[in-house]
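Peer 1: Quick one: the structure is below, and I'll ask about it shortly.
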Amino acid sequence: MERWVLLHKGAKFEELSEKFHISKQLVSLIRNRNVIGEEAMEKYLHGTISDLYDGMLLKDMNRAIDILTEKIADKKKIRVIGDYDIDGVNATYILLEGLEGLGAEVDYDIPNRMTDGYGLSNELIERAASAGVDTILTCDNGIAARKEIAYAKELGMTVIVTDHHEVPYEDEQKQEEKDQTAEMTYKGKRKYILPPADAVIDPKQPDCNYPYEGICGATVAYKLMEALYEVTGHDVDDIDYLIENVAMATIGDVMDLEDENRIFVREGLEMLKRTANPGMRSLMECNGIEKERLNSYHIGFVIGPCLNAGGRLDTAKRALELLRAKNKKEADVLAGDLKALNDSRKDLTAKAVKEAIEYIEHSTLKEDKVLVVYLPECHESLAGIVAGKIREKYYRPVFVITDAKEGAKGSGRSIEAYYMYEKLHECEELLDKYGGHKMAAGLSLPVENIDKLRRKLNEKCMLSEKDLSEKITIDMQLPFSKISPKFIDEIKLLEPFGKGNTKPVFAEKNLVIRSARVLGRNKNVLKMRLENAEHVILDAVYFGEVEKFIGYLEEKYGKQEVTELLTGGRSQVTIQATFYPEINDYLGRKTLQIVVMHYR
């Protein structure tokens, strides 16, 4: 059952409206995004690259720059080791482009999801050693690889870690691990365990003074290159184009679009609209994206999945090759391959989601507050996507576990009230490896421990029924009479939208459905005319589970009343709705309409 919550946050609406030349409604919407005070509002509305934080504030940045400066001067071989998702691929690209621009001897390696697993492994390190690599530079991984990094050090290599994931920790009361390879940092009752690298750059380190820890791996990589260029006297403008890769990674890795992430994404999207990168131009072209209309949705749901598809079903090196393509002919081939892989991934995902739902509905899993779904035949690279789809349907934390080369692997997707990484930490004795964030995590474990994990996660979950009812946060009640082209245009000042800066949600009650009809090849669009209490009528459209919507109306008003409504008759069917206003441009005719998101 959804909980609708109307926000009531205070601010000096009149004063801020006059200062920033925006409506009081827009001031309210910005305040609802936890933007407090004039300085923060100025940065939210008009923040530029000059407002980004100094990368030198990141712990170990000086040490990393000193090492890289020396290695570049001595022509030592550097290997970038990234990750197989959109963040890891873009971070790898940023480091390669930046280092090559400084004349470094640099190459790269990205683990194969199926054979190497996540992050650094002894095999990756041995590959580097046999290739004569002097220095390993990680990105989007490494913070949890203390044993592997210790092995690299034994082999005589220098290691620099750049990452953004949670730092592994132990509770103070646990018996201290006798591990000479780990550097311990205490904070409260936690003992944080850092890898024995020559430099570790990760804003989530407890003693890091960087002002904002919510950045992705590609941002950390960019900050390193930016600082390296500045310290060595090179023009930082030479690598400004890499901001478009930071933007893609920030959206694709589902970072909160607040603080400097908002600036990176806003600037990066504008750069992508005129990108000179052949690979990105081809990928947009083959997906039918008009460059001038590119927004965060296209990155998150079209471009991002294509870049991720290589790492899921083949190798992430395909995505990196696309970003590094030198001409259109090469780029077109690589873009077409990635789109085909993504289309295949969609089919496999749909099949796995159907199987997961059947499994849950016909087992005791449906009674659990934390869903642990074992799908041995599911392609392990799809576990996270499937977990996300199941989380949407049941609004529960979900782990999807599949058979792997050795044992089992899984990915989890969480809800707001459940800190996934910390809950896995409480079950670490059942796991071989784990890592992640509050909202997502990955793990590997013996197959025989899956049921034990399910039981323990549910015993320790501490989730109430309220936690398990999705909260729909409403920005404001908005009468239809207040909706105008000017207001819709003003809302665009809030873009880019995404996690942490969602599209505004408006609501209105006592809406009479004056007409309704089902449209679309798959009957998944409901077109309506809604009239509010002021007798203002607007077009409305609902994209979603139309059958469920109609079933809800039939249950409340009776089948005959709803049938009459759908066949052109008048009715008194009334709903409350949350919505987003927009301009519908059909064959050059522009009209106001609302997109209904939730109803009751």
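FYI, nothing fancy with the structure tokens labels: chains A, B, ... in order, residues from 1 per chain, ligands from 1 as they appear.
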Excluding Ile22 of chain A and any residue of its chain fewer than 3 positions from it, enumerate the residues within 10 Å of it, using only C-alpha atoms, and give them as a list of chain:residue names.
Peer 2: A:Phe13, A:Glu14, A:Leu16, A:Ser17, A:Glu18, A:Lys19, A:Gln25, A:Leu26, A:Val27, A:Phe487, A:Glu490, A:Ile491, A:Leu493
Peer 1: As a ChimeraX atom specification, which residues of segment 116-346 of chain A does DSSP assign to strand (DSSP E or B)?
Peer 2: /A:135-138,158-162,169-171,183-187,190-194,199-201
Peer 1: Would you pick out the contacts of segment 425-435 of chain A at 7 Å or less, using only C-alpha atoms, so that residues sharing its chain but fewer than 4 positions from it are not included, and give the list as an MDAnalysis selection string?
Peer 2: chainID A and resid 421 441:445 449 453
Peer 1: How many Å separate atom CA of Ala335 of chain A from atom CA of Arg281 of chain A?
Peer 2: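 The value is 9.2 Å.
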Peer 1: In terms of the shortest atom-to-atom distance over only C-alpha atoms, which of A:Met439, A:Leu6, A:Ile49, A:Leu228 is closest to Leu102 of chain A?
Peer 2: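 Closest candidate: A:Leu228.
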Peer 1: Enumerate the residues of segment 57-253 of chain A with a DSSP assignment of alpha helix (DSSP H), computed from the backbone, and present them as a PyMOL selection string.
Peer 2: chain A and resi 61-73+86-101+122-130+146-154+217-231+243-252
Peer 1: Find the residues near segment 305-322 of chain A: any atom within 7 Å, counting only C-alpha atoms, skip ones fewer than 3 places away on the same chain, and give them as a count of residues only.
Peer 2: 21
Peer 1: Nearest residue to Val541 of chain A out of A:Lys509, A:Lys191, A:His598, A:Arg521, using only C-alpha atoms?
Peer 2: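 Selected residue with least distance to Val541 of chain A: A:His598.
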